[in-house]
>>> print(open('entry-v9.tsv').read())   # TSV, C-alpha atoms
chain	number	residue	atom	x	y	z
A	1	MET	CA	-36.96	-0.54	27.97
A	2	SER	CA	-36.19	-4.20	28.16
A	3	ARG	CA	-33.32	-5.99	26.56
A	4	THR	CA	-34.45	-8.48	23.98
A	5	GLY	CA	-33.15	-11.93	24.75
A	6	THR	CA	-29.68	-12.92	25.78
A	7	ARG	CA	-26.19	-12.45	24.49
A	8	ALA	CA	-25.81	-14.19	21.17
A	9	PRO	CA	-22.45	-15.04	19.67
A	10	ILE	CA	-22.17	-14.52	15.94
A	11	VAL	CA	-19.99	-17.10	14.27
A	12	PRO	CA	-20.06	-17.21	10.47
A	13	ALA	CA	-20.10	-20.72	9.00
A	14	SER	CA	-16.65	-20.09	7.55
A	15	ARG	CA	-15.19	-19.93	11.04
A	16	SER	CA	-14.44	-23.37	12.35
A	17	THR	CA	-11.98	-21.97	14.85
A	18	THR	CA	-11.09	-18.64	16.34
A	19	ALA	CA	-7.71	-17.19	17.11
A	20	GLY	CA	-8.55	-16.86	20.78
A	21	PRO	CA	-11.20	-16.81	23.52
A	22	PHE	CA	-13.55	-14.32	21.94
A	23	SER	CA	-16.62	-14.30	19.73
A	24	PRO	CA	-16.27	-12.96	16.18
A	25	GLY	CA	-19.41	-10.94	16.86
A	26	ILE	CA	-21.94	-10.46	19.65
A	27	ARG	CA	-25.55	-9.32	19.57
A	28	LEU	CA	-26.70	-7.86	22.88
A	29	GLY	CA	-29.62	-5.53	23.43
A	30	PRO	CA	-29.61	-2.82	20.77
A	31	LEU	CA	-26.02	-3.46	19.71
A	32	LEU	CA	-23.92	-5.71	17.54
A	33	GLN	CA	-20.17	-5.63	18.08
A	34	VAL	CA	-17.75	-7.10	15.56
A	35	ALA	CA	-14.40	-8.16	17.07
A	36	GLY	CA	-11.16	-6.95	15.54
A	37	GLN	CA	-10.75	-8.41	12.05
A	38	VAL	CA	-7.45	-8.70	10.25
A	39	GLY	CA	-6.42	-9.11	6.65
A	40	ILE	CA	-6.44	-12.85	6.52
A	41	ALA	CA	-9.31	-15.15	5.69
A	42	PRO	CA	-11.27	-16.39	8.71
A	43	ALA	CA	-10.00	-19.97	8.59
A	44	PRO	CA	-6.42	-19.82	7.31
A	45	PRO	CA	-4.18	-22.88	7.31
A	46	GLU	CA	-2.44	-23.71	10.57
A	47	GLY	CA	0.10	-21.13	11.59
A	48	SER	CA	-0.56	-19.01	8.56
A	49	ALA	CA	-0.02	-15.30	8.30
A	50	PRO	CA	-0.65	-13.03	5.35
A	51	ALA	CA	1.83	-13.61	2.55
A	52	PRO	CA	4.64	-11.05	2.89
A	53	GLU	CA	3.55	-9.46	-0.34
A	54	ALA	CA	-0.05	-8.86	0.81
A	55	SER	CA	-0.60	-5.15	0.32
A	56	VAL	CA	-2.31	-2.69	2.61
A	57	ARG	CA	-5.10	-2.59	0.05
A	58	ALA	CA	-5.48	-6.37	-0.06
A	59	GLN	CA	-5.45	-6.69	3.71
A	60	THR	CA	-7.91	-3.83	4.07
A	61	ARG	CA	-10.37	-5.47	1.67
A	62	GLN	CA	-10.04	-8.82	3.43
A	63	ALA	CA	-10.51	-7.28	6.90
A	64	LEU	CA	-13.57	-5.34	5.70
A	65	GLY	CA	-14.90	-8.48	4.05
A	66	ASN	CA	-14.56	-10.31	7.35
A	67	VAL	CA	-16.41	-7.51	9.15
A	68	GLY	CA	-19.15	-7.59	6.52
A	69	GLU	CA	-19.52	-11.35	6.85
A	70	ILE	CA	-20.08	-11.05	10.60
A	71	LEU	CA	-22.53	-8.16	10.17
A	72	ALA	CA	-24.50	-10.25	7.66
A	73	GLU	CA	-24.45	-13.32	9.89
A	74	GLY	CA	-25.88	-11.11	12.64
A	75	GLY	CA	-28.68	-9.92	10.39
A	76	THR	CA	-27.39	-6.43	9.77
A	77	GLY	CA	-25.10	-4.62	7.37
A	78	TRP	CA	-22.94	-1.60	6.69
A	79	GLU	CA	-25.91	0.77	6.77
A	80	ASP	CA	-26.31	0.06	10.49
A	81	VAL	CA	-22.69	0.60	11.45
A	82	LEU	CA	-22.13	3.43	13.90
A	83	MET	CA	-18.37	3.29	14.38
A	84	ILE	CA	-15.33	1.76	12.72
A	85	ARG	CA	-12.03	1.53	14.56
A	86	VAL	CA	-8.99	1.19	12.36
A	87	TYR	CA	-5.53	0.09	13.47
A	88	LEU	CA	-2.66	0.52	11.04
A	89	ILE	CA	1.04	0.05	11.68
A	90	ALA	CA	2.47	3.04	9.79
A	91	THR	CA	1.21	6.50	8.91
A	92	SER	CA	2.69	5.99	5.43
A	93	HIS	CA	-0.02	3.35	4.87
A	94	PHE	CA	-2.91	5.74	5.43
A	95	ASP	CA	-3.53	6.84	1.86
A	96	GLU	CA	-3.53	3.31	0.49
A	97	PHE	CA	-5.77	2.14	3.33
A	98	ASN	CA	-8.12	5.06	2.91
A	99	GLY	CA	-8.54	4.53	-0.82
A	100	ALA	CA	-9.31	0.85	-0.30
A	101	TYR	CA	-11.75	1.69	2.49
A	102	ARG	CA	-13.55	4.28	0.41
A	103	ASP	CA	-13.79	1.93	-2.57
A	104	TYR	CA	-15.03	-0.99	-0.49
A	105	LEU	CA	-17.76	0.90	1.34
A	106	GLY	CA	-18.81	2.50	-1.93
A	107	GLU	CA	-19.14	-0.95	-3.51
A	108	GLN	CA	-21.33	-1.95	-0.55
A	109	GLY	CA	-23.68	0.94	-1.32
A	110	CYS	CA	-22.75	2.72	1.89
A	111	THR	CA	-23.66	6.35	1.25
A	112	ILE	CA	-23.64	7.55	4.85
A	113	MET	CA	-20.21	6.76	6.20
A	114	PRO	CA	-19.79	5.48	9.77
A	115	ALA	CA	-17.78	7.51	12.25
A	116	ARG	CA	-14.18	6.34	12.41
A	117	THR	CA	-10.98	6.59	14.42
A	118	THR	CA	-7.64	5.54	12.93
A	119	VAL	CA	-4.50	5.12	15.03
A	120	TYR	CA	-1.11	3.53	14.50
A	121	VAL	CA	-0.17	0.62	16.71
A	122	GLY	CA	1.73	-2.63	16.74
A	123	LEU	CA	0.12	-5.74	15.26
A	124	PRO	CA	1.36	-9.34	15.04
A	125	PRO	CA	4.03	-9.95	12.37
A	126	GLY	CA	2.69	-9.80	8.83
A	127	LEU	CA	-0.49	-7.95	9.72
A	128	LEU	CA	-0.91	-4.41	8.41
A	129	VAL	CA	-4.53	-3.68	9.26
A	130	GLU	CA	-7.04	-4.46	12.00
A	131	ILE	CA	-10.65	-3.23	11.94
A	132	ASP	CA	-13.59	-3.55	14.34
A	133	ALA	CA	-17.14	-2.27	14.10
A	134	LEU	CA	-20.07	-1.30	16.34
A	135	ALA	CA	-23.52	-1.51	14.79
A	136	VAL	CA	-27.07	-0.76	15.91
A	137	PRO	CA	-29.20	-3.25	13.97
A	138	ASP	CA	-32.64	-2.03	12.95
A	139	ASP	CA	-34.49	-5.29	13.28
A	140	ARG	CA	-36.98	-4.80	16.05
B	141	MET	CA	-37.76	-1.54	21.49
B	142	SER	CA	-37.62	0.00	18.09
B	143	ARG	CA	-34.86	2.08	16.67
B	144	THR	CA	-35.93	5.63	16.03
B	145	GLY	CA	-35.33	6.56	12.45
B	146	THR	CA	-32.27	5.97	10.36
B	147	ARG	CA	-28.60	6.66	10.60
B	148	ALA	CA	-27.97	10.38	10.63
B	149	PRO	CA	-24.58	11.88	9.88
B	150	ILE	CA	-23.61	14.82	12.05
B	151	VAL	CA	-21.64	17.42	10.16
B	152	PRO	CA	-21.10	20.77	11.87
B	153	ALA	CA	-21.44	23.79	9.60
B	154	SER	CA	-17.74	24.51	10.09
B	155	ARG	CA	-16.87	21.32	8.24
B	156	SER	CA	-16.90	21.83	4.53
B	157	THR	CA	-14.69	18.82	4.01
B	158	THR	CA	-13.55	15.83	5.96
B	159	ALA	CA	-10.14	14.23	6.10
B	160	GLY	CA	-11.50	10.95	4.81
B	161	PRO	CA	-14.51	8.73	4.11
B	162	PHE	CA	-16.17	9.00	7.49
B	163	SER	CA	-18.78	11.08	9.23
B	164	PRO	CA	-17.66	13.47	11.99
B	165	GLY	CA	-20.52	12.09	14.07
B	166	ILE	CA	-23.36	9.59	13.70
B	167	ARG	CA	-26.68	9.30	15.50
B	168	LEU	CA	-28.11	5.80	15.42
B	169	GLY	CA	-30.66	4.34	17.78
B	170	PRO	CA	-29.79	5.28	21.36
B	171	LEU	CA	-26.23	6.30	20.53
B	172	LEU	CA	-24.19	9.15	19.17
B	173	GLN	CA	-20.61	8.43	18.18
B	174	VAL	CA	-18.07	11.18	17.59
B	175	ALA	CA	-15.23	10.20	15.25
B	176	GLY	CA	-11.63	10.72	16.31
B	177	GLN	CA	-10.89	14.44	16.64
B	178	VAL	CA	-7.43	15.93	16.52
B	179	GLY	CA	-5.91	19.18	17.66
B	180	ILE	CA	-6.50	21.16	14.54
B	181	ALA	CA	-9.51	23.21	13.60
B	182	PRO	CA	-12.12	21.34	11.54
B	183	ALA	CA	-11.40	23.12	8.26
B	184	PRO	CA	-7.70	23.98	8.21
B	185	PRO	CA	-6.03	25.35	5.09
B	186	GLU	CA	-4.98	22.82	2.48
B	187	GLY	CA	-2.26	20.50	3.65
B	188	SER	CA	-2.09	22.11	7.02
B	189	ALA	CA	-0.95	20.44	10.20
B	190	PRO	CA	-0.72	21.89	13.69
B	191	ALA	CA	2.05	24.44	14.01
B	192	PRO	CA	5.15	22.70	15.39
B	193	GLU	CA	4.89	24.74	18.55
B	194	ALA	CA	1.28	23.71	19.27
B	195	SER	CA	1.41	22.32	22.80
B	196	VAL	CA	-0.24	19.21	24.17
B	197	ARG	CA	-2.53	21.55	26.08
B	198	ALA	CA	-3.49	23.55	22.98
B	199	GLN	CA	-4.11	20.44	20.90
B	200	THR	CA	-6.12	18.86	23.73
B	201	ARG	CA	-8.38	21.91	24.00
B	202	GLN	CA	-8.87	22.04	20.24
B	203	ALA	CA	-9.66	18.32	19.99
B	204	LEU	CA	-12.13	18.57	22.88
B	205	GLY	CA	-13.65	21.64	21.27
B	206	ASN	CA	-14.14	19.68	18.07
B	207	VAL	CA	-15.78	16.83	20.02
B	208	GLY	CA	-18.06	19.32	21.78
B	209	GLU	CA	-19.06	20.94	18.49
B	210	ILE	CA	-20.17	17.59	17.10
B	211	LEU	CA	-22.02	16.67	20.29
B	212	ALA	CA	-23.88	20.00	20.14
B	213	GLU	CA	-24.67	19.60	16.44
B	214	GLY	CA	-26.15	16.20	17.32
B	215	GLY	CA	-28.33	17.72	20.01
B	216	THR	CA	-26.44	16.47	23.01
B	217	GLY	CA	-23.50	17.49	25.18
B	218	TRP	CA	-20.83	16.45	27.62
B	219	GLU	CA	-23.37	15.39	30.26
B	220	ASP	CA	-24.47	12.54	27.98
B	221	VAL	CA	-21.00	11.20	27.19
B	222	LEU	CA	-20.41	7.64	28.32
B	223	MET	CA	-16.85	7.07	27.17
B	224	ILE	CA	-13.87	9.07	25.98
B	225	ARG	CA	-10.99	7.39	24.19
B	226	VAL	CA	-7.72	9.28	24.29
B	227	TYR	CA	-4.71	8.64	22.08
B	228	LEU	CA	-1.45	10.35	22.97
B	229	ILE	CA	1.99	9.80	21.48
B	230	ALA	CA	4.16	9.84	24.61
B	231	THR	CA	3.61	8.95	28.26
B	232	SER	CA	5.54	12.12	29.14
B	233	HIS	CA	2.58	14.10	27.74
B	234	PHE	CA	0.05	12.61	30.14
B	235	ASP	CA	0.20	15.19	32.92
B	236	GLU	CA	-0.15	18.14	30.56
B	237	PHE	CA	-2.96	16.40	28.69
B	238	ASN	CA	-4.72	15.46	31.89
B	239	GLY	CA	-4.62	18.97	33.30
B	240	ALA	CA	-6.03	20.40	30.08
B	241	TYR	CA	-8.73	17.73	30.01
B	242	ARG	CA	-9.74	18.35	33.60
B	243	ASP	CA	-9.87	22.10	33.06
B	244	TYR	CA	-11.86	21.86	29.86
B	245	LEU	CA	-14.53	19.51	31.19
B	246	GLY	CA	-14.76	21.60	34.34
B	247	GLU	CA	-15.39	24.70	32.22
B	248	GLN	CA	-18.15	22.78	30.44
B	249	GLY	CA	-19.85	22.14	33.77
B	250	CYS	CA	-19.19	18.43	33.56
B	251	THR	CA	-19.42	17.21	37.16
B	252	ILE	CA	-19.77	13.51	36.46
B	253	MET	CA	-16.77	12.52	34.41
B	254	PRO	CA	-17.13	10.04	31.52
B	255	ALA	CA	-15.26	6.77	31.64
B	256	ARG	CA	-11.97	6.98	29.77
B	257	THR	CA	-9.14	4.92	28.33
B	258	THR	CA	-5.80	6.52	27.44
B	259	VAL	CA	-3.17	4.73	25.39
B	260	TYR	CA	-0.01	5.76	23.56
B	261	VAL	CA	0.08	5.25	19.82
B	262	GLY	CA	1.41	6.71	16.62
B	263	LEU	CA	-0.41	9.65	15.02
B	264	PRO	CA	0.26	11.55	11.79
B	265	PRO	CA	3.19	13.99	11.97
B	266	GLY	CA	2.50	17.07	14.08
B	267	LEU	CA	-0.46	15.57	15.93
B	268	LEU	CA	-0.09	14.96	19.65
B	269	VAL	CA	-3.64	14.10	20.65
B	270	GLU	CA	-6.65	12.28	19.23
B	271	ILE	CA	-9.96	11.94	21.09
B	272	ASP	CA	-13.26	10.22	20.31
B	273	ALA	CA	-16.49	10.00	22.28
B	274	LEU	CA	-19.54	7.77	22.68
B	275	ALA	CA	-22.69	9.43	23.99
B	276	VAL	CA	-26.22	8.31	24.87
B	277	PRO	CA	-28.37	11.35	24.13
B	278	ASP	CA	-31.36	11.84	26.41
B	279	ASP	CA	-33.73	13.28	23.88
B	280	ARG	CA	-36.49	10.80	23.48
C	281	MET	CA	-37.69	4.70	23.81
C	282	SER	CA	-36.74	6.75	26.78
C	283	ARG	CA	-33.47	6.73	28.63
C	284	THR	CA	-33.85	5.54	32.18
C	285	GLY	CA	-32.54	8.13	34.58
C	286	THR	CA	-29.32	10.04	34.39
C	287	ARG	CA	-25.68	9.27	34.04
C	288	ALA	CA	-24.48	7.35	37.06
C	289	PRO	CA	-20.81	7.04	37.96
C	290	ILE	CA	-19.76	3.65	39.23
C	291	VAL	CA	-17.11	3.85	41.91
C	292	PRO	CA	-16.34	0.67	43.82
C	293	ALA	CA	-15.83	1.15	47.57
C	294	SER	CA	-12.19	0.15	47.13
C	295	ARG	CA	-11.56	3.29	45.10
C	296	SER	CA	-10.89	6.22	47.33
C	297	THR	CA	-9.13	8.05	44.54
C	298	THR	CA	-8.83	7.80	40.81
C	299	ALA	CA	-5.78	8.25	38.64
C	300	GLY	CA	-7.40	11.09	36.76
C	301	PRO	CA	-10.57	12.98	35.83
C	302	PHE	CA	-12.68	10.04	34.81
C	303	SER	CA	-15.19	7.64	36.34
C	304	PRO	CA	-14.16	4.00	36.81
C	305	GLY	CA	-17.49	3.07	35.24
C	306	ILE	CA	-20.60	4.82	33.93
C	307	ARG	CA	-24.17	3.61	33.56
C	308	LEU	CA	-26.09	5.52	30.92
C	309	GLY	CA	-29.20	4.38	29.10
C	310	PRO	CA	-28.79	0.76	28.02
C	311	LEU	CA	-25.02	0.74	28.50
C	312	LEU	CA	-22.36	0.35	31.14
C	313	GLN	CA	-18.83	1.35	30.21
C	314	VAL	CA	-15.84	0.32	32.28
C	315	ALA	CA	-12.84	2.66	31.94
C	316	GLY	CA	-9.43	1.26	31.09
C	317	GLN	CA	-8.17	-0.93	33.96
C	318	VAL	CA	-4.55	-1.79	34.51
C	319	GLY	CA	-2.74	-4.49	36.42
C	320	ILE	CA	-2.49	-2.72	39.71
C	321	ALA	CA	-4.94	-2.74	42.57
C	322	PRO	CA	-7.44	0.14	42.53
C	323	ALA	CA	-5.94	2.03	45.44
C	324	PRO	CA	-2.18	1.45	45.40
C	325	PRO	CA	0.17	3.37	47.66
C	326	GLU	CA	1.17	6.84	46.51
C	327	GLY	CA	3.27	6.81	43.39
C	328	SER	CA	3.18	3.08	43.12
C	329	ALA	CA	3.53	1.08	39.95
C	330	PRO	CA	3.39	-2.68	39.49
C	331	ALA	CA	6.43	-4.41	40.91
C	332	PRO	CA	8.93	-4.93	38.08
C	333	GLU	CA	8.52	-8.66	38.40
C	334	ALA	CA	4.73	-8.57	37.95
C	335	SER	CA	4.07	-10.95	35.08
C	336	VAL	CA	1.75	-10.48	32.12
C	337	ARG	CA	-0.42	-13.16	33.71
C	338	ALA	CA	-0.54	-11.43	37.09
C	339	GLN	CA	-1.30	-8.03	35.57
C	340	THR	CA	-3.97	-9.56	33.32
C	341	ARG	CA	-5.72	-11.18	36.28
C	342	GLN	CA	-5.58	-7.94	38.28
C	343	ALA	CA	-6.89	-5.84	35.40
C	344	LEU	CA	-9.73	-8.30	34.77
C	345	GLY	CA	-10.46	-8.35	38.49
C	346	ASN	CA	-10.74	-4.57	38.44
C	347	VAL	CA	-13.10	-4.72	35.45
C	348	GLY	CA	-15.20	-7.35	37.22
C	349	GLU	CA	-15.40	-5.27	40.39
C	350	ILE	CA	-16.79	-2.31	38.44
C	351	LEU	CA	-19.25	-4.49	36.53
C	352	ALA	CA	-20.49	-5.90	39.85
C	353	GLU	CA	-20.73	-2.46	41.45
C	354	GLY	CA	-22.86	-1.45	38.46
C	355	GLY	CA	-25.19	-4.39	38.94
C	356	THR	CA	-24.01	-6.46	36.02
C	357	GLY	CA	-21.36	-9.04	35.23
C	358	TRP	CA	-19.31	-10.79	32.59
C	359	GLU	CA	-22.37	-12.38	31.00
C	360	ASP	CA	-23.53	-8.92	29.90
C	361	VAL	CA	-20.23	-7.80	28.38
C	362	LEU	CA	-20.40	-7.03	24.67
C	363	MET	CA	-16.85	-5.98	23.96
C	364	ILE	CA	-13.43	-6.13	25.58
C	365	ARG	CA	-10.59	-3.92	24.37
C	366	VAL	CA	-7.13	-5.16	25.23
C	367	TYR	CA	-3.94	-3.12	25.08
C	368	LEU	CA	-0.64	-4.96	25.40
C	369	ILE	CA	2.86	-3.59	24.91
C	370	ALA	CA	4.48	-6.47	22.98
C	371	THR	CA	3.21	-9.14	20.62
C	372	SER	CA	5.45	-11.61	22.47
C	373	HIS	CA	3.09	-11.21	25.47
C	374	PHE	CA	0.01	-12.38	23.61
C	375	ASP	CA	0.12	-16.07	24.44
C	376	GLU	CA	0.64	-15.48	28.16
C	377	PHE	CA	-2.09	-12.83	28.17
C	378	ASN	CA	-4.47	-15.01	26.23
C	379	GLY	CA	-4.04	-17.99	28.53
C	380	ALA	CA	-4.67	-15.83	31.58
C	381	TYR	CA	-7.71	-14.27	29.93
C	382	ARG	CA	-9.17	-17.61	28.96
C	383	ASP	CA	-8.61	-19.01	32.45
C	384	TYR	CA	-10.09	-15.99	34.19
C	385	LEU	CA	-13.27	-15.81	32.13
C	386	GLY	CA	-13.66	-19.56	32.48
C	387	GLU	CA	-13.44	-19.22	36.25
C	388	GLN	CA	-16.15	-16.55	36.07
C	389	GLY	CA	-18.44	-19.01	34.30
C	390	CYS	CA	-18.35	-17.01	31.11
C	391	THR	CA	-19.34	-19.50	28.42
C	392	ILE	CA	-20.17	-17.04	25.67
C	393	MET	CA	-17.07	-14.96	25.14
C	394	PRO	CA	-17.36	-11.21	24.49
C	395	ALA	CA	-16.08	-9.79	21.22
C	396	ARG	CA	-12.53	-8.50	21.59
C	397	THR	CA	-9.85	-6.40	19.90
C	398	THR	CA	-6.22	-6.62	20.96
C	399	VAL	CA	-3.60	-4.14	19.82
C	400	TYR	CA	-0.07	-3.25	20.90
C	401	VAL	CA	0.55	0.23	22.22
C	402	GLY	CA	2.60	2.17	24.72
C	403	LEU	CA	1.56	2.21	28.36
C	404	PRO	CA	3.03	4.02	31.38
C	405	PRO	CA	6.25	2.47	32.74
C	406	GLY	CA	5.71	-0.85	34.51
C	407	LEU	CA	2.29	-1.51	33.00
C	408	LEU	CA	1.96	-4.45	30.62
C	409	VAL	CA	-1.81	-4.67	30.18
C	410	GLU	CA	-4.80	-2.35	29.96
C	411	ILE	CA	-8.37	-3.57	29.50
C	412	ASP	CA	-11.74	-1.84	29.13
C	413	ALA	CA	-15.24	-3.23	28.70
C	414	LEU	CA	-18.63	-2.27	27.27
C	415	ALA	CA	-21.65	-4.04	28.76
C	416	VAL	CA	-25.40	-4.02	28.15
C	417	PRO	CA	-26.90	-4.75	31.57
C	418	ASP	CA	-30.10	-6.77	31.56
C	419	ASP	CA	-31.75	-5.18	34.55
C	420	ARG	CA	-34.81	-3.40	33.21
>>> encode(input="entry-v9.tsv", output="structure tokens")
Amino acid sequence: MSRTGTRAPIVPASRSTTAGPFSPGIRLGPLLQVAGQVGIAPAPPEGSAPAPEASVRAQTRQALGNVGEILAEGGTGWEDVLMIRVYLIATSHFDEFNGAYRDYLGEQGCTIMPARTTVYVGLPPGLLVEIDALAVPDDR
Amino acid sequence: MSRTGTRAPIVPASRSTTAGPFSPGIRLGPLLQVAGQVGIAPAPPEGSAPAPEASVRAQTRQALGNVGEILAEGGTGWEDVLMIRVYLIATSHFDEFNGAYRDYLGEQGCTIMPARTTVYVGLPPGLLVEIDALAVPDDR
Amino acid sequence: MSRTGTRAPIVPASRSTTAGPFSPGIRLGPLLQVAGQVGIAPAPPEGSAPAPEASVRAQTRQALGNVGEILAEGGTGWEDVLMIRVYLIATSHFDEFNGAYRDYLGEQGCTIMPARTTVYVGLPPGLLVEIDALAVPDDR
């Protein structure tokens, strides 16, 4: 087995900057990894954070939308996602998160759900949700 | 390199329901991912949580048993596990967890230990341990 | 596609012992996983923890150095890293961590940055940083 090509960063056109020294996504060998996505649009105004009133549901949809954008930019989609890691800040948010997650993946036509782990951690102020994804694109 | 087949959910027979919109395990390309497993049996009674007296050791063994069941259902086992992610809720639980982990994998005949990361997070009430696993099955 | 060989633990020569029942790194199929590395040298004196004054920057550089040592022992390097998972204990540490991370990977000649997820968790007393890495070595 030989790896096909070299490491390729995946940077959607909407992303003029990143929040730090990492690639939004990486293709390497059989895998595509999407970096942790939060519930704000990829290129928010300087210093912006989600509006205080942004709900768990709204942030979940935005974070999943960001993941989906990176998957698409990398030539793959939800049907090739192996694993989703979910970081919430409070167990009381789980039901609202889970409903939004179920709805979103359903809208994307995802009938076989990825594996998933959800844990409760600290996130920067204003953020309620962070999500990353590991995919195995079927393009070779 | 071509991916073999499509994404296959792994659902042990013991699992009539899941706790959310995710697959207990997924086979995709060279990988098998086991979703986060907790210290309760796969199909507990409605609304059940671990008994308050369930120890770190007991929950660790149950969570590892759940991981092993999904690995087996996917046609692989502990000898093909690359990485274990462990989520505990208190650093004071580490020694008890670690002893139970070491014993369990020893009983499974696992002589080469997977890589592992252990961090301390929040989990739903009553849960002390969550564990997920990434494997590279050797079946092709 | 056939997996090449069997699971191989990666144990740098500096590691006479490990902190628990896990391998510092594992090569398996197309992947190399580095276990969670913290900001202490691989073989500290018995019962040692980082000195209380060890900064986020110092611990970050040590943890990344440990990751790099395992990558090298496994025949790969930063250019083959797909994903970095970062665990910090306080959001106020992010800027210092991020500067140290950027500097270190720059020094390693890493021009394409891995994907990354950073969350805030609990770690054992004295530890400020934990980092693990998933790589796809390009050696076959």
>>> closest_residue(input="entry-v9.tsv", among="B:Ala212, B:Pro264, B:Val226, B:Trp218", to="Gly246 (chain B)", atoms="all atoms listed in the file")
B:Trp218
>>> closest_residue(input="entry-v9.tsv", among="B:Arg167, B:Arg242, B:Arg197, B:Arg256", to="Ile224 (chain B)", atoms="only C-alpha atoms")
B:Arg256
>>> interface_residues(input="entry-v9.tsv", of="chain A", to="chain B", cutoff="8 Å", atoms="only C-alpha atoms", output="number ranges by chain")
A: 1-2, 30, 79-80, 82-83, 90-91, 98, 101-102, 112-121, 136, 138-140
>>> write_last_selection(input="entry-v9.tsv", atoms="C-alpha atoms", output="compact mmCIF listing (two decimals), keeping the file's coordinate frame")
# COMPACT_ATOMS: atom_id res chain seq x y z
CA MET A 1 -36.96 -0.54 27.97
CA SER A 2 -36.19 -4.20 28.16
CA PRO A 30 -29.61 -2.82 20.77
CA GLU A 79 -25.91 0.77 6.77
CA ASP A 80 -26.31 0.06 10.49
CA LEU A 82 -22.13 3.43 13.90
CA MET A 83 -18.37 3.29 14.38
CA ALA A 90 2.47 3.04 9.79
CA THR A 91 1.21 6.50 8.91
CA ASN A 98 -8.12 5.06 2.91
CA TYR A 101 -11.75 1.69 2.49
CA ARG A 102 -13.55 4.28 0.41
CA ILE A 112 -23.64 7.55 4.85
CA MET A 113 -20.21 6.76 6.20
CA PRO A 114 -19.79 5.48 9.77
CA ALA A 115 -17.78 7.51 12.25
CA ARG A 116 -14.18 6.34 12.41
CA THR A 117 -10.98 6.59 14.42
CA THR A 118 -7.64 5.54 12.93
CA VAL A 119 -4.50 5.12 15.03
CA TYR A 120 -1.11 3.53 14.50
CA VAL A 121 -0.17 0.62 16.71
CA VAL A 136 -27.07 -0.76 15.91
CA ASP A 138 -32.64 -2.03 12.95
CA ASP A 139 -34.49 -5.29 13.28
CA ARG A 140 -36.98 -4.80 16.05
>>> atom_distance(input="entry-v9.tsv", atom1="CA of Ser232 (chain B)", atom2="CA of Ala203 (chain B)")
18.8 Å
>>> closest_residue(input="entry-v9.tsv", among="A:Ala54, A:Cys110, A:Leu105, A:Val81", to="Pro137 (chain A)", atoms="only C-alpha atoms")
A:Val81
>>> closest_residue(input="entry-v9.tsv", among="C:Gly357, C:Val336, C:Asp375, C:Leu407", to="Gln388 (chain C)", atoms="only C-alpha atoms")
C:Gly357
>>> atom_distance(input="entry-v9.tsv", atom1="CA of Ala240 (chain B)", atom2="CA of Ser195 (chain B)")
10.6 Å
>>> residues_around(input="entry-v9.tsv", residues="Gln199 (chain B)", least_positions_apart="6", cutoff="9 Å", atoms="all atoms listed in the file", output="ChimeraX atom specification")
/B:178-180,190,237,267-270
>>> atom_distance(input="entry-v9.tsv", atom1="CA of Ala135 (chain A)", atom2="CA of Gly75 (chain A)")
10.8 Å
>>> axis_aligned_box(input="entry-v9.tsv", around="region 91-106 of chain A", padding_each_side="8 Å", output="AutoDock Vina command-line options")
--center_x -8.1 --center_y 2.9 --center_z 3.2 --size_x 37.5 --size_y 23.8 --size_z 27.5
